[in-house]
Structures are given as C-alpha cells and as structure tokens.
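**Student:** Here it is, the structure in full.
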Amino acid sequence: MSGHSKWSTIKHKKAATDKKRGKIFTKVIRELTISAKIGGGDPNANPRLRTAILKAKEANMPKDTMDRAIKKGTGDLGDIAYEEFTYEGYGPDGVAVFMEIMTDNKNRTAAEVRSVMTKAGGNLGANGCVSYMFDKRGLIVFDPAKLTEEKALEIGIDAGAQDIVVDEENVEVITEVEDFENVLKAFENAGIPHVSAELTMLPNTYKDISNDRIEKVLDLVDKLEDLDDVQNVYTNLNIPDDYKVA
C-alpha cells in the first residue's frame, strides 16, 4: 500500500478549506439524489444511499438538505436527469487518472474535463486505459491518537477487514466492498469514531515520479475536483514519505 496513507492525508487537508467544503456539499447532494433514484429512498434497503448519508453526515450537512436531495431522487420534488459514467486518462509524467462523473450535460462535462487535462499536460484516454490499475474498496480512516495499530488489527481483522495501513497521521482500514458496513459497524460498536469512511478506488500499482513533479499532479486533481460534474478523482501517484504536504 506504499504511498496510500500520504494521499489520504492530502485529501483530508484539502477538504478542510471552505472552498472544498462547498464543493463537497454539491457532490454529496448529487450522490444522495442519484442513489435514491436508482435504489429508492429507504436507506435500510439501499446500501449506496446509506453510504451517501454517511458522507453527508461527515460533511455536517443539515438533515433537511439531505432529505430534499433524497426526495429529488425519488421523484417527490420533480424529476432529475443525471447520467453516471467514468473518464480515464493520464496526467503529468504518465500518472493514471480515473474520474467518476455525474452530469446533466455530457457535452459540457467532456469539454471542461478535456480542457483541464490538456492545460495540465495530460490527456483523456479510451475507456479501460487505466481502470485496470484500480480496485473498488472500502476505506475507513481513523485518528491514530484514538486507535492504536494493535486495536485496529484486533477489531478490523475480526470483522473482515482486508488490510490495515498505519502512519503518523492516519490509521486506515481497508475492506472489500461487501465487508465495508460490517467493519465500520464493528468500530462504531467499540466506540471508536472515524475521520472518514467511503467506498473508493485504490490503485493496485503505483507510479513513481520526482518530488518536484508531484505538485503538478496534485494541482491537476485539484482543478478536476473543482468541476461540479466530477464526483471523484483517483490517481496511482506514489507520494513518498519525505514529500511535504503544502
């Protein structure tokens, strides 16, 4: 899992800014809406909606905002026309970039994403060009001040976790998609709060580039995530331990 913990640290620090919080609200609202549209408005019968609600609570989203988003999805507040698909390509130095898209205007999204990629020295590729480098996984992140590696192993492995990754800033518990909720529940039952919990795409192979080029990739990710239609951006960038997060 080399490089993975540092990537999570960067994501958390960037998400702490006011600008990012606003973007997170926009993206979570869309996820709530599309989840409810696809699987219904009852979270007990809709695992994807349960995960979206978890994300909304982590973002401190007001309950009435969540409820409105879910009702939009179920059609109670009018119909929606979001499409879901993915884009794949390469960033600076050949780093793989995988994007999850949710949009009501495919042409607009394609133009915006292509423009950002090109200006950053990257390019969009055909479907499948990088997706094989990523696996869908559950990722639960804890504060190491509240969870030791020993305790993480004791609770996590017993509940079905696939891996535990520990560094100075994070304790990460990685699960298969089908085990995500059970593992999360095990830590909740033990009274250990998480920093974040999500279904994500983790690289199964990493790309090494020089430290002075890493910021170019992070800047590309930043600009892509600033686009409202881009829900999530994943890369296989390996960030070494000696890289200092700005």
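Ligands are numbered from 1 in the order shown, residues from 1 within each chain, and chains are lettered A, B, ... in the order they appear in the structure tokens.
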Just the residues within 8 Å of Tyr234 of chain A, please, counting only C-alpha atoms, with nothing from its chain fewer than 3 positions along; format it as JSON, numbers by chain.
**Tutor:** {"A": [97, 98, 99, 201, 202]}
**Student:** Write out the residues from the selection above, keeping C-alpha atoms, as a PDB file, in the first residue's frame.
**Tutor:**
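Just written: part08.pdb:
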```pdb
ATOM      1  CA  VAL A  97      -6.175   9.440 -13.659  1.00  0.00           C
ATOM      2  CA  PHE A  98      -9.610   7.834 -13.146  1.00  0.00           C
ATOM      3  CA  MET A  99     -12.695  10.057 -12.749  1.00  0.00           C
ATOM      4  CA  MET A 201     -10.926   3.238  -5.859  1.00  0.00           C
ATOM      5  CA  LEU A 202      -7.481   2.215  -4.646  1.00  0.00           C
TER       6      LEU A 202
END
```
**Student:** If you take only C-alpha atoms and a cut-off of 12 Å, which residues of segment 79-176 of chain A touch segment 187-199 of chain A, and what are their nearest atom pairs and distances in Å to one decimal, in chain and number order, as a Markdown table?
**Tutor:**
```
| residue | atom | partner | partner_atom | distance |
| --- | --- | --- | --- | --- |
| A:Asp135 | CA | A:Leu199 | CA | 10.4 |
| A:Lys136 | CA | A:Leu199 | CA | 7.0 |
| A:Arg137 | CA | A:Leu199 | CA | 5.7 |
| A:Gly138 | CA | A:Leu199 | CA | 4.4 |
| A:Leu139 | CA | A:Glu198 | CA | 5.5 |
| A:Ile140 | CA | A:Ala197 | CA | 4.3 |
| A:Val141 | CA | A:Ser196 | CA | 5.3 |
| A:Phe142 | CA | A:His194 | CA | 4.7 |
| A:Asp143 | CA | A:Val195 | CA | 6.6 |
| A:Pro144 | CA | A:His194 | CA | 10.2 |
| A:Ala145 | CA | A:Ile192 | CA | 10.8 |
| A:Lys146 | CA | A:Ile192 | CA | 7.0 |
| A:Leu147 | CA | A:Ile192 | CA | 7.2 |
| A:Thr148 | CA | A:Ile192 | CA | 10.7 |
| A:Lys151 | CA | A:Phe187 | CA | 9.8 |
| A:Ala152 | CA | A:Phe187 | CA | 8.5 |
| A:Leu153 | CA | A:Phe187 | CA | 11.0 |
| A:Glu154 | CA | A:Phe187 | CA | 10.3 |
| A:Ile155 | CA | A:Phe187 | CA | 6.8 |
| A:Gly156 | CA | A:Phe187 | CA | 7.6 |
| A:Ile157 | CA | A:Phe187 | CA | 11.1 |
| A:Asp158 | CA | A:Phe187 | CA | 10.8 |
| A:Ala159 | CA | A:Phe187 | CA | 9.0 |
| A:Gly160 | CA | A:Phe187 | CA | 11.7 |
| A:Ala161 | CA | A:Phe187 | CA | 11.1 |
| A:Glu169 | CA | A:Val195 | CA | 11.2 |
| A:Asn170 | CA | A:Val195 | CA | 9.0 |
| A:Val171 | CA | A:His194 | CA | 9.5 |
| A:Glu172 | CA | A:Ser196 | CA | 9.6 |
| A:Val173 | CA | A:Ala197 | CA | 9.3 |
| A:Ile174 | CA | A:Leu199 | CA | 9.7 |
| A:Thr175 | CA | A:Leu199 | CA | 9.1 |
| A:Glu176 | CA | A:Leu199 | CA | 9.2 |
```
**Student:** Go ahead and dump the residues you just picked, C-alpha atoms, as a PDB file, in the first residue's frame.
**Tutor:**
```pdb
ATOM      1  CA  ASP A 135      -9.826  -1.789  -7.349  1.00  0.00           C
ATOM      2  CA  LYS A 136     -13.060  -0.794  -5.628  1.00  0.00           C
ATOM      3  CA  ARG A 137     -12.556  -0.932  -1.853  1.00  0.00           C
ATOM      4  CA  GLY A 138     -13.963   0.358   1.417  1.00  0.00           C
ATOM      5  CA  LEU A 139     -11.675   2.819   3.209  1.00  0.00           C
ATOM      6  CA  ILE A 140     -12.161   3.840   6.855  1.00  0.00           C
ATOM      7  CA  VAL A 141      -9.725   6.396   8.260  1.00  0.00           C
ATOM      8  CA  PHE A 142      -9.061   6.932  11.975  1.00  0.00           C
ATOM      9  CA  ASP A 143      -7.026   9.334  14.096  1.00  0.00           C
ATOM     10  CA  PRO A 144      -4.003   7.400  15.468  1.00  0.00           C
ATOM     11  CA  ALA A 145      -4.483   9.231  18.775  1.00  0.00           C
ATOM     12  CA  LYS A 146      -7.789   7.368  19.130  1.00  0.00           C
ATOM     13  CA  LEU A 147      -6.925   4.000  17.630  1.00  0.00           C
ATOM     14  CA  THR A 148      -3.710   2.009  18.018  1.00  0.00           C
ATOM     15  CA  LYS A 151      -6.597  -2.342  18.382  1.00  0.00           C
ATOM     16  CA  ALA A 152      -7.222  -1.704  14.688  1.00  0.00           C
ATOM     17  CA  LEU A 153      -5.977  -5.182  13.874  1.00  0.00           C
ATOM     18  CA  GLU A 154      -7.975  -6.764  16.691  1.00  0.00           C
ATOM     19  CA  ILE A 155     -11.281  -5.179  15.677  1.00  0.00           C
ATOM     20  CA  GLY A 156     -10.742  -4.838  11.949  1.00  0.00           C
ATOM     21  CA  ILE A 157      -9.454  -8.265  11.033  1.00  0.00           C
ATOM     22  CA  ASP A 158     -12.068  -9.984  13.205  1.00  0.00           C
ATOM     23  CA  ALA A 159     -14.790  -8.010  11.372  1.00  0.00           C
ATOM     24  CA  GLY A 160     -13.425  -8.892   7.932  1.00  0.00           C
ATOM     25  CA  ALA A 161     -11.018  -6.039   7.078  1.00  0.00           C
ATOM     26  CA  GLU A 169      -1.221  10.846  10.694  1.00  0.00           C
ATOM     27  CA  ASN A 170      -3.719   8.095   9.856  1.00  0.00           C
ATOM     28  CA  VAL A 171      -4.863   4.603  10.674  1.00  0.00           C
ATOM     29  CA  GLU A 172      -6.534   3.250   7.544  1.00  0.00           C
ATOM     30  CA  VAL A 173      -8.717   0.173   7.492  1.00  0.00           C
ATOM     31  CA  ILE A 174      -9.261  -1.251   4.014  1.00  0.00           C
ATOM     32  CA  THR A 175     -12.100  -3.634   3.218  1.00  0.00           C
ATOM     33  CA  GLU A 176     -13.744  -5.446   0.362  1.00  0.00           C
TER      34      GLU A 176
END
```
**Student:** Tell me, as a count of residues only, which residues lie within 7 Å of Met102 of chain A, counting only C-alpha atoms; anything in the same chain fewer than 2 positions away does not count.
**Tutor:** 8
**Student:** Return the single residue from A:Asp104, A:Ile164, A:Thr109, A:Pro240 that is closest to Asp79 of chain A, with distances computed using only C-alpha atoms.
**Tutor:**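 Of A:Asp104, A:Ile164, A:Thr109, A:Pro240, the one nearest Asp79 of chain A is A:Asp104, counting only C-alpha atoms.
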**Student:** Looking only at strand (DSSP E or B) from DSSP on the backbone, list the matching residues of segment 6-240 of chain A as an NGL selection string.
**Tutor:** :A and (76 or 78 or 83-90 or 96-103 or 123-125 or 134-142 or 163-166 or 171-175 or 196-203 or 207 or 230-235 or 237)
**Student:** For segment 26-37 of chain A, list every protein, DNA or RNA residue within 8 Å, evaluated using only C-alpha atoms, and leave out those in the same chain fewer than 3 positions away; present the list as a list of chain:residue names.
**Tutor:**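 After dropping sequence-adjacent residues, the list is A:Gly22, A:Lys23, A:Gly40, A:Gly41, A:Asp42, A:Asn46, A:Arg48, A:Leu49, A:Ala52, A:Ile53, A:Lys55, A:Ala56, A:Thr65, A:Met66, A:Ala69, A:Ile70, A:Lys71, A:Lys72, A:Gly73, A:Thr74, A:Gly75, A:Tyr82, A:Met102, A:Asp228, A:Asp229, A:Gln231.
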**Student:** What is the atom CA of Glu168 of chain A to atom CA of Asp242 of chain A distance in Å?
**Tutor:**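 Separation between atom CA of Glu168 of chain A and atom CA of Asp242 of chain A: 12.6 Å.
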**Student:** Given only C-alpha atoms as the basis, pick out the residue of A:Gly91, A:Pro47, A:Val165, A:Lys106 nearest to Thr118 of chain A.
**Tutor:**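 Counting only C-alpha atoms, the residue closest to Thr118 of chain A is A:Gly91.
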**Student:** Restrict the calculation to only C-alpha atoms, then for each residue of segment 32-99 of chain A with any atom at most 10 Å from an atom of segment 203-208 of chain A give the closest atom pair and their distance in Å to one decimal, rows by chain and rising residue number, as JSON lines.
**Tutor:**
```
{"residue": "A:Asp93", "atom": "CA", "partner": "A:Lys207", "partner_atom": "CA", "distance": 8.9}
{"residue": "A:Gly94", "atom": "CA", "partner": "A:Lys207", "partner_atom": "CA", "distance": 8.0}
{"residue": "A:Val95", "atom": "CA", "partner": "A:Lys207", "partner_atom": "CA", "distance": 6.1}
{"residue": "A:Ala96", "atom": "CA", "partner": "A:Lys207", "partner_atom": "CA", "distance": 7.9}
```
**Student:** Tell me which of A:Asn211, A:Asn107, A:Gln162, A:Thr51 sits closest to Leu237 of chain A, counting only C-alpha atoms.
**Tutor:**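 For Leu237 of chain A, the nearest of the given residues is A:Asn211.
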**Student:** Which distance in Å separates atom CA of Ile214 of chain A and atom CA of Pro92 of chain A, to one decimal?
**Tutor:**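 Spanning atom CA of Ile214 of chain A to atom CA of Pro92 of chain A is a straight-line distance of 8.8 Å.
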**Student:** Tell me which of A:Gly128, A:Leu227, A:Arg68, A:Glu150 sits closest to Ala110 of chain A, counting only C-alpha atoms.
**Tutor:**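 With only C-alpha atoms as the atom set, the closest residue is A:Leu227.
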**Student:** Nearest residue to Gly89 of chain A out of A:Asp64, A:Arg108, A:Lys57, A:Cys129, using only C-alpha atoms?
**Tutor:**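 Counting only C-alpha atoms, the residue closest to Gly89 of chain A is A:Cys129.
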**Student:** Would you list, as a VMD selection string, the residues of segment 90-191 of chain A that end up in alpha helix (DSSP H) under DSSP run on this structure's backbone?
**Tutor:** chain A and resid 106 to 119 149 to 159 180 to 189
